[in-house]
file my_file19.cif (mmCIF, C-alpha atoms and all ligand atoms)
data_model
#
loop_
_atom_site.label_atom_id
_atom_site.label_comp_id
_atom_site.auth_asym_id
_atom_site.auth_seq_id
_atom_site.Cartn_x
_atom_site.Cartn_y
_atom_site.Cartn_z
CA MET A 1 0.00 0.00 0.00
CA LYS A 2 1.24 3.50 -0.86
CA THR A 3 1.72 5.88 2.04
CA GLU A 4 2.33 9.61 2.34
CA HIS A 5 5.99 8.69 2.48
CA ASP A 6 5.76 7.82 -1.22
CA VAL A 7 4.93 11.40 -2.19
CA PRO A 8 8.24 12.97 -3.23
CA LYS A 9 9.21 16.26 -1.62
CA PRO A 10 9.41 19.23 -4.04
CA LEU A 11 12.87 19.91 -2.60
CA THR A 12 14.08 16.47 -3.70
CA PHE A 13 13.02 17.19 -7.27
CA ALA A 14 14.57 20.67 -7.16
CA LEU A 15 17.89 19.13 -6.06
CA LEU A 16 17.67 16.42 -8.69
CA ARG A 17 17.13 19.13 -11.32
CA LEU A 18 20.39 20.69 -10.21
CA LEU A 19 22.15 17.32 -10.31
CA ALA A 20 20.66 16.41 -13.70
CA ASP A 21 23.84 17.45 -15.56
CA GLY A 22 25.62 14.38 -14.17
CA GLU A 23 28.37 16.54 -12.57
CA PHE A 24 29.41 16.57 -8.90
CA HIS A 25 27.61 19.13 -6.73
CA SER A 26 28.66 19.58 -3.13
CA GLY A 27 26.18 19.54 -0.28
CA GLU A 28 27.44 22.97 0.64
CA GLU A 29 26.80 24.41 -2.83
CA MET A 30 23.27 23.02 -2.90
CA ALA A 31 22.54 24.16 0.66
CA HIS A 32 23.73 27.66 -0.27
CA ARG A 33 21.69 27.71 -3.51
CA PHE A 34 18.45 26.78 -1.74
CA GLU A 35 19.19 28.62 1.52
CA LEU A 36 19.00 25.42 3.54
CA SER A 37 21.15 23.49 5.95
CA ARG A 38 23.37 20.70 4.60
CA ALA A 39 21.37 18.32 6.76
CA SER A 40 18.19 19.27 4.85
CA VAL A 41 19.95 18.58 1.55
CA HIS A 42 21.14 15.24 2.86
CA ASN A 43 17.64 14.33 4.07
CA ALA A 44 16.02 15.29 0.79
CA LEU A 45 18.44 13.09 -1.18
CA GLN A 46 18.83 10.15 1.12
CA ASP A 47 16.20 7.85 -0.37
CA VAL A 48 16.15 8.77 -4.05
CA ALA A 49 16.71 5.08 -4.79
CA ARG A 50 12.96 4.63 -4.50
CA TYR A 51 12.57 6.68 -7.70
CA GLY A 52 14.94 4.30 -9.45
CA ILE A 53 17.81 6.79 -9.14
CA THR A 54 21.41 5.88 -8.29
CA LEU A 55 23.18 8.75 -6.55
CA HIS A 56 26.88 8.60 -5.67
CA SER A 57 28.01 10.48 -2.60
CA VAL A 58 31.78 11.06 -2.40
CA ARG A 59 33.40 12.69 0.60
CA GLY A 60 34.98 15.99 -0.33
CA ARG A 61 33.29 16.15 -3.77
CA GLY A 62 29.58 15.88 -3.08
CA TYR A 63 26.76 14.14 -4.94
CA GLN A 64 26.65 12.87 -8.50
CA LEU A 65 23.95 11.01 -10.41
CA ALA A 66 25.04 7.68 -11.87
CA GLN A 67 23.49 8.81 -15.15
CA PRO A 68 22.24 12.25 -16.21
CA LEU A 69 18.53 12.98 -16.08
CA TYR A 70 16.73 14.36 -19.13
CA TRP A 71 13.64 16.17 -17.90
CA LEU A 72 10.54 16.51 -20.00
CA ASP A 73 10.40 19.86 -21.70
CA ALA A 74 7.26 21.20 -23.36
CA THR A 75 9.15 23.32 -25.90
CA GLN A 76 11.35 20.46 -27.04
CA ILE A 77 8.39 18.09 -27.21
CA ALA A 78 6.41 20.57 -29.33
CA GLN A 79 9.26 20.69 -31.87
CA HIS A 80 8.42 17.10 -32.82
CA THR A 81 4.62 17.01 -32.71
CA GLY A 82 4.18 18.80 -36.07
CA GLU A 83 0.71 20.17 -36.68
CA ALA A 84 -0.72 17.89 -33.97
CA ARG A 85 0.54 20.62 -31.62
CA ASP A 86 -2.68 22.63 -32.22
CA SER A 87 -4.80 19.75 -30.84
CA LEU A 88 -2.73 19.18 -27.69
CA HIS A 89 -2.75 20.68 -24.20
CA LEU A 90 0.35 19.30 -22.53
CA GLU A 91 0.96 19.43 -18.81
CA ILE A 92 4.15 18.02 -17.24
CA LEU A 93 3.95 16.88 -13.64
CA ASP A 94 6.75 15.78 -11.33
CA HIS A 95 4.78 13.04 -9.65
CA VAL A 96 1.36 11.45 -9.66
CA PRO A 97 0.48 7.92 -8.60
CA SER A 98 -1.26 7.20 -11.95
CA SER A 99 -1.62 9.61 -14.88
CA ASN A 100 -4.64 7.67 -16.19
CA LYS A 101 -6.45 7.95 -12.88
CA LEU A 102 -5.84 11.69 -12.65
CA LEU A 103 -6.81 12.33 -16.27
CA LEU A 104 -10.02 10.29 -15.91
CA GLN A 105 -10.94 12.55 -13.02
CA ARG A 106 -10.05 15.65 -15.08
CA ALA A 107 -12.17 14.27 -17.95
CA THR A 108 -15.18 14.08 -15.64
CA GLU A 109 -14.54 17.71 -14.73
CA GLY A 110 -14.60 18.71 -18.42
CA ALA A 111 -10.92 18.62 -19.48
CA ALA A 112 -10.49 19.32 -23.21
CA SER A 113 -9.88 16.65 -25.81
CA GLY A 114 -6.13 16.51 -26.44
CA THR A 115 -5.18 17.05 -22.79
CA VAL A 116 -1.93 15.23 -22.03
CA LEU A 117 -0.56 14.57 -18.57
CA ALA A 118 3.08 13.58 -18.78
CA VAL A 119 4.59 12.45 -15.51
CA GLU A 120 8.23 12.42 -14.51
CA TRP A 121 7.69 9.77 -11.85
CA GLN A 122 4.63 7.59 -11.64
CA SER A 123 4.49 5.67 -8.38
CA ALA A 124 1.47 3.46 -9.03
CA GLY A 125 1.38 2.89 -12.79
CA ARG A 126 -1.22 0.38 -13.86
CA GLY A 127 -1.52 -2.16 -16.66
CA ARG A 128 -4.55 -4.12 -17.80
CA LEU A 129 -6.45 -6.22 -15.26
CA GLY A 130 -4.99 -4.29 -12.32
CA ARG A 131 -1.38 -5.23 -13.13
CA THR A 132 1.53 -3.00 -12.19
CA TRP A 133 3.60 -0.93 -14.62
CA HIS A 134 7.17 -0.33 -13.40
CA SER A 135 9.09 2.85 -14.18
CA GLY A 136 11.67 5.06 -12.51
CA LEU A 137 12.33 8.79 -12.66
CA GLY A 138 13.60 9.78 -16.09
CA ASP A 139 14.05 6.23 -17.41
CA ALA A 140 10.71 5.96 -19.18
CA LEU A 141 7.88 7.90 -20.74
CA THR A 142 4.69 7.65 -18.74
CA PHE A 143 1.78 9.77 -19.90
CA SER A 144 -1.93 9.82 -20.62
CA LEU A 145 -3.86 11.45 -23.45
CA LEU A 146 -7.54 12.32 -23.31
CA TRP A 147 -9.50 12.15 -26.56
CA ARG A 148 -13.18 12.84 -27.00
CA PHE A 149 -15.25 11.09 -29.68
CA GLU A 150 -18.72 11.75 -31.05
CA CYS A 151 -19.31 8.01 -31.33
CA GLY A 152 -20.38 5.81 -28.44
CA LEU A 153 -18.35 3.36 -26.37
CA ALA A 154 -19.47 0.44 -28.54
CA ALA A 155 -17.66 1.90 -31.57
CA LEU A 156 -14.35 2.25 -29.71
CA SER A 157 -13.43 -1.42 -29.41
CA GLY A 158 -10.59 -1.28 -31.98
CA LEU A 159 -9.07 1.89 -30.58
CA SER A 160 -6.50 0.21 -28.35
CA LEU A 161 -5.13 -1.61 -31.41
CA GLY A 162 -5.07 1.71 -33.25
CA VAL A 163 -2.92 3.13 -30.46
CA GLY A 164 -0.45 0.30 -31.09
CA VAL A 165 -0.29 1.37 -34.75
CA ALA A 166 0.46 4.95 -33.65
CA LEU A 167 3.31 3.76 -31.42
CA VAL A 168 4.83 1.65 -34.19
CA ARG A 169 4.70 4.61 -36.61
CA ALA A 170 6.41 6.85 -34.05
CA LEU A 171 9.10 4.26 -33.33
CA HIS A 172 9.75 3.79 -37.06
CA GLU A 173 10.22 7.54 -37.40
CA GLN A 174 12.70 7.30 -34.52
CA GLY A 175 14.58 4.64 -36.50
CA VAL A 176 13.68 1.65 -34.32
CA GLN A 177 13.54 -1.75 -36.05
CA ASN A 178 12.17 -5.20 -35.19
CA ILE A 179 9.00 -3.77 -33.69
CA GLY A 180 6.06 -6.08 -33.20
CA LEU A 181 2.58 -5.91 -31.75
CA LYS A 182 0.89 -8.46 -29.54
CA TRP A 183 -2.88 -8.44 -29.42
CA PRO A 184 -4.55 -6.51 -28.03
CA ASN A 185 -2.08 -3.75 -27.18
CA ASP A 186 1.50 -4.63 -26.34
CA VAL A 187 4.40 -3.15 -28.27
CA LEU A 188 7.48 -5.37 -28.39
CA VAL A 189 10.98 -4.92 -29.72
CA ASN A 190 13.18 -7.96 -30.29
CA GLU A 191 10.33 -9.87 -28.62
CA GLY A 192 10.67 -7.99 -25.32
CA LYS A 193 7.90 -5.71 -24.09
CA LEU A 194 8.81 -2.09 -24.78
CA ALA A 195 5.53 -0.36 -24.06
CA GLY A 196 2.21 -1.00 -22.42
CA ILE A 197 -1.06 0.69 -23.33
CA LEU A 198 -4.07 1.04 -21.06
CA LEU A 199 -7.32 2.51 -22.37
CA GLU A 200 -10.07 3.60 -20.01
CA ALA A 201 -13.28 5.00 -21.46
CA GLN A 202 -16.19 7.08 -20.20
CA GLY A 203 -19.49 7.93 -21.86
CA ASP A 204 -22.62 6.38 -23.33
CA MET A 205 -22.99 3.39 -25.61
CA LEU A 206 -24.45 5.74 -28.25
CA GLY A 207 -22.05 8.64 -27.65
CA PRO A 208 -20.41 10.93 -27.02
CA SER A 209 -17.47 9.24 -25.32
CA ALA A 210 -14.09 10.09 -23.87
CA VAL A 211 -11.06 7.84 -23.75
CA VAL A 212 -7.98 8.14 -21.59
CA ILE A 213 -5.02 6.45 -23.23
CA GLY A 214 -2.22 5.62 -20.84
CA ILE A 215 1.22 4.76 -22.23
CA GLY A 216 4.29 3.48 -20.46
CA LEU A 217 7.39 3.15 -22.65
CA ASN A 218 10.84 2.04 -21.50
CA LEU A 219 13.75 4.26 -22.43
CA SER A 220 16.42 2.76 -20.17
CA LEU A 221 15.04 0.18 -17.81
CA PRO A 222 17.41 -0.49 -14.89
CA SER A 223 18.21 -4.07 -13.94
CA GLY A 224 16.53 -3.58 -10.55
CA ALA A 225 13.20 -2.87 -12.24
CA ARG A 226 13.70 -5.70 -14.73
CA SER A 227 13.96 -8.20 -11.90
CA HIS A 228 10.39 -7.32 -10.84
CA ILE A 229 8.94 -8.03 -14.28
CA GLU A 230 8.02 -11.59 -15.04
CA GLN A 231 8.21 -11.34 -18.84
CA ALA A 232 10.82 -10.46 -21.48
CA VAL A 233 11.29 -6.69 -21.64
CA SER A 234 13.16 -4.23 -23.82
CA ASP A 235 14.01 -0.54 -23.84
CA LEU A 236 14.88 2.05 -26.46
CA GLU A 237 18.48 2.31 -25.28
CA GLU A 238 19.17 -1.22 -26.49
CA CYS A 239 17.66 -0.19 -29.85
CA GLY A 240 20.26 2.56 -30.17
CA VAL A 241 18.02 5.42 -29.01
CA PRO A 242 19.84 7.28 -26.22
CA LEU A 243 18.08 8.81 -23.22
CA GLN A 244 18.87 12.28 -24.58
CA GLN A 245 16.15 11.64 -27.17
CA ARG A 246 13.49 11.49 -24.45
CA ASN A 247 11.65 14.65 -25.52
CA ARG A 248 11.89 13.81 -29.20
CA VAL A 249 10.37 10.35 -28.65
CA MET A 250 7.58 11.92 -26.59
CA GLY A 251 6.87 14.45 -29.35
CA LEU A 252 6.77 11.77 -32.04
CA LEU A 253 4.45 9.60 -29.97
CA LEU A 254 2.02 12.50 -29.53
CA LYS A 255 2.20 13.40 -33.22
CA HIS A 256 1.27 9.89 -34.32
CA LEU A 257 -1.30 9.39 -31.58
CA VAL A 258 -3.18 12.51 -32.67
CA ALA A 259 -3.05 11.37 -36.32
CA VAL A 260 -4.50 7.97 -35.39
CA MET A 261 -7.18 9.55 -33.17
CA ARG A 262 -8.30 11.64 -36.15
CA GLU A 263 -8.22 8.66 -38.52
CA PHE A 264 -10.16 6.57 -36.04
CA ALA A 265 -12.76 9.29 -35.43
CA ALA A 266 -13.35 9.53 -39.19
CA ASN A 267 -13.29 5.87 -40.24
CA GLY A 268 -12.92 3.59 -37.20
CA PHE A 269 -10.37 0.78 -36.94
CA ALA A 270 -11.04 -0.91 -40.30
CA PRO A 271 -8.56 1.17 -42.39
CA LEU A 272 -5.84 0.57 -39.75
CA ARG A 273 -6.41 -3.16 -39.63
CA ALA A 274 -3.98 -4.27 -42.38
CA GLU A 275 -1.20 -2.15 -40.89
CA TRP A 276 -1.87 -3.61 -37.45
CA GLU A 277 -1.91 -7.22 -38.75
CA ASN A 278 1.29 -6.63 -40.67
CA ASP A 279 3.09 -5.98 -37.37
CA HIS A 280 1.32 -8.64 -35.32
CA LEU A 281 3.92 -11.09 -34.03
CA PHE A 282 1.39 -13.91 -33.86
CA HIS A 283 -0.10 -13.42 -37.33
CA HIS A 284 -0.80 -16.86 -38.85
CA ARG A 285 0.94 -18.49 -35.88
CA GLN A 286 -0.17 -20.93 -33.20
CA ALA A 287 -0.99 -19.19 -29.93
CA LYS A 288 -2.97 -19.73 -26.79
CA LEU A 289 -5.47 -17.50 -25.08
CA LEU A 290 -5.76 -17.32 -21.32
CA LEU A 291 -9.30 -16.71 -20.12
CA PRO A 292 -10.11 -15.13 -16.73
CA ASP A 293 -11.29 -18.47 -15.30
CA GLY A 294 -7.87 -20.01 -16.06
CA THR A 295 -9.03 -21.84 -19.20
CA LYS A 296 -6.57 -21.96 -22.12
CA ILE A 297 -7.68 -22.04 -25.73
CA GLU A 298 -5.18 -22.95 -28.41
CA GLY A 299 -5.42 -22.16 -32.07
CA LYS A 300 -3.99 -20.40 -35.09
CA VAL A 301 -4.28 -16.63 -35.25
CA HIS A 302 -6.13 -15.37 -38.33
CA GLY A 303 -5.80 -11.67 -37.84
CA VAL A 304 -8.41 -9.43 -36.28
CA THR A 305 -11.90 -8.28 -37.20
CA ALA A 306 -12.72 -4.74 -38.35
CA GLU A 307 -13.54 -4.06 -34.68
CA GLY A 308 -10.17 -5.33 -33.42
CA ALA A 309 -11.35 -8.68 -32.01
CA LEU A 310 -8.92 -11.61 -32.37
CA ARG A 311 -9.80 -14.37 -34.85
CA LEU A 312 -8.53 -17.75 -33.64
CA GLU A 313 -8.98 -21.00 -35.56
CA THR A 314 -9.50 -23.58 -32.81
CA ALA A 315 -10.46 -27.24 -32.73
CA HIS A 316 -14.07 -25.98 -32.64
CA GLY A 317 -13.71 -23.79 -35.71
CA MET A 318 -13.09 -20.04 -36.04
CA GLN A 319 -13.71 -18.18 -32.80
CA VAL A 320 -13.64 -14.45 -32.18
CA PHE A 321 -12.42 -12.91 -28.89
CA ASN A 322 -12.78 -9.39 -27.59
CA ALA A 323 -9.88 -7.97 -25.61
CA GLY A 324 -11.72 -7.61 -22.29
CA GLU A 325 -10.21 -10.04 -19.84
CA VAL A 326 -8.32 -12.22 -22.30
CA SER A 327 -4.52 -12.52 -22.68
CA LEU A 328 -2.65 -13.89 -25.70
CA ARG A 329 0.48 -16.02 -25.27
CA ARG A 330 2.89 -18.03 -27.42
CA ALA A 331 1.58 -21.61 -27.86
P1 LIG B 401 -1.71 -8.96 -21.77
O1 LIG B 401 -1.12 -9.82 -22.82
O2 LIG B 401 -2.88 -9.55 -21.13
O3 LIG B 401 -1.87 -7.54 -22.18
P2 LIG B 401 0.50 -8.24 -20.03
O4 LIG B 401 1.05 -9.12 -18.96
O5 LIG B 401 1.44 -7.78 -21.05
O6 LIG B 401 -0.66 -9.06 -20.61
P3 LIG B 401 -0.36 -5.46 -19.40
O7 LIG B 401 -1.49 -5.05 -18.57
O8 LIG B 401 -0.32 -4.98 -20.83
O9 LIG B 401 -0.25 -7.02 -19.32
O10 LIG B 401 0.96 -4.92 -18.70
C1 LIG B 401 1.26 -5.20 -17.34
C2 LIG B 401 2.41 -6.19 -17.29
O11 LIG B 401 3.52 -5.64 -17.98
C3 LIG B 401 2.92 -6.49 -15.91
O12 LIG B 401 2.20 -7.54 -15.33
C4 LIG B 401 4.39 -6.88 -16.16
O13 LIG B 401 4.50 -8.22 -16.57
C5 LIG B 401 4.74 -6.07 -17.38
N1 LIG B 401 5.49 -4.86 -17.05
C6 LIG B 401 5.40 -4.02 -15.98
N2 LIG B 401 6.25 -2.99 -16.08
C7 LIG B 401 6.90 -3.16 -17.26
C8 LIG B 401 7.91 -2.43 -17.93
N3 LIG B 401 8.42 -1.33 -17.44
N4 LIG B 401 8.34 -2.93 -19.12
C9 LIG B 401 7.84 -4.05 -19.65
N5 LIG B 401 6.88 -4.78 -19.06
C10 LIG B 401 6.42 -4.35 -17.88
#
call {"tool": "encode", "arguments": {"input": "my_file19.cif", "output": "structure tokens", "more": "lines below"}}
Ligand code: ATP
result
Amino acid sequence: MKTEHDVPKPLTFALLRLLADGEFHSGEEMAHRFELSRASVHNALQDVARYGITLHSVRGRGYQLAQPLYWLDATQIAQHTGEARDSLHLEILDHVPSSNKLLLQRATEGAASGTVLAVEWQSAGRGRLGRTWHSGLGDALTFSLLWRFECGLAALSGLSLGVGVALVRALHEQGVQNIGLKWPNDVLVNEGKLAGILLEAQGDMLGPSAVVIGIGLNLSLPSGARSHIEQAVSDLEECGVPLQQRNRVMGLLLKHLVAVMREFAANGFAPLRAEWENDHLFHHRQAKLLLPDGTKIEGKVHGVTAEGALRLETAHGMQVFNAGEVSLRRA
């Protein structure tokens, strides 16, 4: 359970901003800069490990981050969003437990379509079915985008696959290769999970509706975090994209997400289907589905329907599965 202790102190973030250059900064220098005692500086930095940060402390020299931090920057992000910029309202936050949860609340209060909450450190990131999403400060992109649609909830079923298409397009533009999708909405590189997508919708079956799209994408996943994840993972660093590109990647993701939102609003998932299937790692392959009651269904994947449901040829003939509570695995 999260406690108040998990809420980072603004001072800690202010000090980390100073240390972001990766150089040594003495306790004295920082104390002087912020008009504090050295003890306060020490206290504010003593447990940064819980944000996934490694901080060296060397007597006589001061503090130094094991690797520089690249903070999110709205101006740099906007340089890469192209004309999608006009549809976006970006807010960067140091910490929230879950950007999706906060944006869902803002949506209820009338937040505009195109609102983005990008979070430096998310302490309670969520995946599908209540699973946990792991990320540390500065080593990932964790953000949520709100998009409003005229159509009702029923027409949105293929949207989470569409989001996968947007991510693949953005990663291609960033020069990443060997990208694959896993139904319904995992993005993998070299068969390790690079990004997770969580869609949460509000509205009426007949419309209008609002969707909060949460994305977690690994830039440089530390080994400590990897050891908590029970599946193969990947990050952009191992694809040759350095952490310095953090804001560029964020901008490209937003650019392609907005493009796909517009395409989806106009024509639904059907025109995106071939592109999605082309990148599906299980296309025309044997796979098994795990149902919520523990049942496993094996079969051969025959793409997806125009609504994004999985088509599986099983011993009982062709069956169609909606994403809901179902998980797809290698057979
Ligand atoms: P499904 O196939 O049902 O979508 P999934 O296990 O990939 O299954 P998600 O809800 O998409 O489920 O994502 C949550 C899961 O992702 C966690 O249970 C964990 O296995 C994995 N995970 C958590 N953090 C990370 C991360 N930073 N990078 C890669 N994978 C992660």
call {"tool": "closest_atom_pairs", "arguments": {"input": "my_file19.cif", "of": "chain A", "to": "ligand LIG 401 (chain B)", "cutoff": "6 Å", "atoms": "all atoms listed in the file", "output": "JSON lines"}}
result
{"residue": "A:Gly127", "atom": "CA", "partner": "B:LIG401", "partner_atom": "O7", "distance": 3.5}
{"residue": "A:Arg128", "atom": "CA", "partner": "B:LIG401", "partner_atom": "O7", "distance": 3.3}
{"residue": "A:Arg131", "atom": "CA", "partner": "B:LIG401", "partner_atom": "O12", "distance": 4.8}
{"residue": "A:Thr132", "atom": "CA", "partner": "B:LIG401", "partner_atom": "C3", "distance": 5.3}
{"residue": "A:Trp133", "atom": "CA", "partner": "B:LIG401", "partner_atom": "N2", "distance": 3.7}
{"residue": "A:His134", "atom": "CA", "partner": "B:LIG401", "partner_atom": "N2", "distance": 3.9}
{"residue": "A:Ser135", "atom": "CA", "partner": "B:LIG401", "partner_atom": "N3", "distance": 5.3}
{"residue": "A:Asp186", "atom": "CA", "partner": "B:LIG401", "partner_atom": "O8", "distance": 5.8}
{"residue": "A:Lys193", "atom": "CA", "partner": "B:LIG401", "partner_atom": "C9", "distance": 4.7}
{"residue": "A:Leu194", "atom": "CA", "partner": "B:LIG401", "partner_atom": "C9", "distance": 5.6}
{"residue": "A:Gly196", "atom": "CA", "partner": "B:LIG401", "partner_atom": "O8", "distance": 5.0}
{"residue": "A:Asn218", "atom": "CA", "partner": "B:LIG401", "partner_atom": "N3", "distance": 5.8}
{"residue": "A:Ile229", "atom": "CA", "partner": "B:LIG401", "partner_atom": "O13", "distance": 5.0}
{"residue": "A:Glu230", "atom": "CA", "partner": "B:LIG401", "partner_atom": "O13", "distance": 5.1}
{"residue": "A:Gln231", "atom": "CA", "partner": "B:LIG401", "partner_atom": "O13", "distance": 5.4}
{"residue": "A:Val233", "atom": "CA", "partner": "B:LIG401", "partner_atom": "C9", "distance": 4.8}
{"residue": "A:Ser327", "atom": "CA", "partner": "B:LIG401", "partner_atom": "O2", "distance": 3.7}
{"residue": "A:Leu328", "atom": "CA", "partner": "B:LIG401", "partner_atom": "O1", "distance": 5.2}
call {"tool": "write_last_selection", "arguments": {"input": "my_file19.cif", "atoms": "C-alpha atoms", "output": "PDB file, in the frame of the given file"}}
result
ATOM      1  CA  GLY A 127      -1.520  -2.160 -16.660  1.00  0.00           C
ATOM      2  CA  ARG A 128      -4.550  -4.120 -17.800  1.00  0.00           C
ATOM      3  CA  ARG A 131      -1.380  -5.230 -13.130  1.00  0.00           C
ATOM      4  CA  THR A 132       1.530  -3.000 -12.190  1.00  0.00           C
ATOM      5  CA  TRP A 133       3.600  -0.930 -14.620  1.00  0.00           C
ATOM      6  CA  HIS A 134       7.170  -0.330 -13.400  1.00  0.00           C
ATOM      7  CA  SER A 135       9.090   2.850 -14.180  1.00  0.00           C
ATOM      8  CA  ASP A 186       1.500  -4.630 -26.340  1.00  0.00           C
ATOM      9  CA  LYS A 193       7.900  -5.710 -24.090  1.00  0.00           C
ATOM     10  CA  LEU A 194       8.810  -2.090 -24.780  1.00  0.00           C
ATOM     11  CA  GLY A 196       2.210  -1.000 -22.420  1.00  0.00           C
ATOM     12  CA  ASN A 218      10.840   2.040 -21.500  1.00  0.00           C
ATOM     13  CA  ILE A 229       8.940  -8.030 -14.280  1.00  0.00           C
ATOM     14  CA  GLU A 230       8.020 -11.590 -15.040  1.00  0.00           C
ATOM     15  CA  GLN A 231       8.210 -11.340 -18.840  1.00  0.00           C
ATOM     16  CA  VAL A 233      11.290  -6.690 -21.640  1.00  0.00           C
ATOM     17  CA  SER A 327      -4.520 -12.520 -22.680  1.00  0.00           C
ATOM     18  CA  LEU A 328      -2.650 -13.890 -25.700  1.00  0.00           C
TER      19      LEU A 328
END
call {"tool": "residues_near_point", "arguments": {"input": "my_file19.cif", "point": "(18.2, -2.1, -31.3)", "cutoff": "8 Å", "atoms": "all atoms listed in the file", "output": "ChimeraX atom specification"}}
result
/A:176-178,189-190,236-241
call {"tool": "residues_around", "arguments": {"input": "my_file19.cif", "residues": "A:Ser98", "least_positions_apart": "3", "cutoff": "8 Å", "atoms": "only C-alpha atoms", "output": "MDAnalysis selection string"}}
result
chainID A and resid 101:102 122:126
call {"tool": "atom_distance", "arguments": {"input": "my_file19.cif", "atom1": "atom CA of A:Ala20", "atom2": "atom CA of A:Tyr70"}}
result
7.0 Å
call {"tool": "residues_around", "arguments": {"input": "my_file19.cif", "residues": "stretch 246-249 of chain A", "least_positions_apart": "3", "cutoff": "12 Å", "atoms": "all atoms listed in the file", "output": "number ranges by chain"}}
result
A: 69-82, 92, 118, 120, 138-142, 167-176, 217-220, 236-237, 241-243, 252-256
call {"tool": "residues_around", "arguments": {"input": "my_file19.cif", "residues": "A:Val304", "least_positions_apart": "6", "cutoff": "10 Å", "atoms": "only C-alpha atoms", "output": "PyMOL selection string"}}
result
chain A and resi 158+161+183-184+270+273-274+276-277+280+283+310-312+320-322
call {"tool": "write_last_selection", "arguments": {"input": "my_file19.cif", "atoms": "C-alpha atoms", "output": "CSV table (one decimal), keeping the file's coordinate frame"}}
result
chain,number,residue,atom,x,y,z
A,158,GLY,CA,-10.6,-1.3,-32.0
A,161,LEU,CA,-5.1,-1.6,-31.4
A,183,TRP,CA,-2.9,-8.4,-29.4
A,184,PRO,CA,-4.6,-6.5,-28.0
A,270,ALA,CA,-11.0,-0.9,-40.3
A,273,ARG,CA,-6.4,-3.2,-39.6
A,274,ALA,CA,-4.0,-4.3,-42.4
A,276,TRP,CA,-1.9,-3.6,-37.4
A,277,GLU,CA,-1.9,-7.2,-38.8
A,280,HIS,CA,1.3,-8.6,-35.3
A,283,HIS,CA,-0.1,-13.4,-37.3
A,310,LEU,CA,-8.9,-11.6,-32.4
A,311,ARG,CA,-9.8,-14.4,-34.8
A,312,LEU,CA,-8.5,-17.8,-33.6
A,320,VAL,CA,-13.6,-14.4,-32.2
A,321,PHE,CA,-12.4,-12.9,-28.9
A,322,ASN,CA,-12.8,-9.4,-27.6
call {"tool": "residues_around", "arguments": {"input": "my_file19.cif", "residues": "A:Phe282", "least_positions_apart": "3", "cutoff": "9 Å", "atoms": "all atoms listed in the file", "output": "NGL selection string"}}
result
:A and (181-183 or 277 or 279 or 285-287 or 300-303 or 329-330)
call {"tool": "residues_near_point", "arguments": {"input": "my_file19.cif", "point": "(-22.4, 8.6, -27.8)", "cutoff": "8 Å", "atoms": "only C-alpha atoms", "output": "list in words"}}
result
Phe149, Glu150, Cys151, Gly152, Leu153, Gly203, Asp204, Met205, Leu206, Gly207, Pro208 and Ser209 of chain A
call {"tool": "write_last_selection", "arguments": {"input": "my_file19.cif", "atoms": "C-alpha atoms", "output": "PDB file, keeping the file's coordinate frame"}}
result
ATOM      1  CA  PHE A 149     -15.250  11.090 -29.680  1.00  0.00           C
ATOM      2  CA  GLU A 150     -18.720  11.750 -31.050  1.00  0.00           C
ATOM      3  CA  CYS A 151     -19.310   8.010 -31.330  1.00  0.00           C
ATOM      4  CA  GLY A 152     -20.380   5.810 -28.440  1.00  0.00           C
ATOM      5  CA  LEU A 153     -18.350   3.360 -26.370  1.00  0.00           C
ATOM      6  CA  GLY A 203     -19.490   7.930 -21.860  1.00  0.00           C
ATOM      7  CA  ASP A 204     -22.620   6.380 -23.330  1.00  0.00           C
ATOM      8  CA  MET A 205     -22.990   3.390 -25.610  1.00  0.00           C
ATOM      9  CA  LEU A 206     -24.450   5.740 -28.250  1.00  0.00           C
ATOM     10  CA  GLY A 207     -22.050   8.640 -27.650  1.00  0.00           C
ATOM     11  CA  PRO A 208     -20.410  10.930 -27.020  1.00  0.00           C
ATOM     12  CA  SER A 209     -17.470   9.240 -25.320  1.00  0.00           C
TER      13      SER A 209
END
call {"tool": "closest_residue", "arguments": {"input": "my_file19.cif", "among": "A:Leu129, A:Ala112, A:Leu137, A:Leu104", "to": "A:Pro222", "atoms": "only C-alpha atoms"}}
result
A:Leu137
call {"tool": "closest_residue", "arguments": {"input": "my_file19.cif", "among": "A:Asn278, A:Ser57, A:Asn100, A:Ser157", "to": "A:Ser144", "atoms": "only C-alpha atoms"}}
result
A:Asn100
call {"tool": "atom_distance", "arguments": {"input": "my_file19.cif", "atom1": "atom CA of A:Leu55", "atom2": "atom CA of A:Thr12"}}
result
12.3 Å
call {"tool": "closest_residue", "arguments": {"input": "my_file19.cif", "among": "A:Ser227, A:Ser234, A:Thr115, A:Gln244", "to": "A:Ser99", "atoms": "all atoms listed in the file"}}
result
A:Thr115
call {"tool": "closest_residue", "arguments": {"input": "my_file19.cif", "among": "A:Met250, A:Ile197, A:Ile53, A:Ala309", "to": "A:Gly164", "atoms": "only C-alpha atoms"}}
result
A:Ile197
call {"tool": "closest_residue", "arguments": {"input": "my_file19.cif", "among": "A:Pro271, A:Gly52, A:Gly224, A:Gly214", "to": "A:Val116", "atoms": "only C-alpha atoms"}}
result
A:Gly214
call {"tool": "atom_distance", "arguments": {"input": "my_file19.cif", "atom1": "atom CA of A:Phe24", "atom2": "atom CA of A:His42"}}
result
14.4 Å
call {"tool": "closest_residue", "arguments": {"input": "my_file19.cif", "among": "A:Ala210, A:Met30, A:Ala111, A:Leu221", "to": "A:Met261", "atoms": "all atoms listed in the file"}}
result
A:Ala210
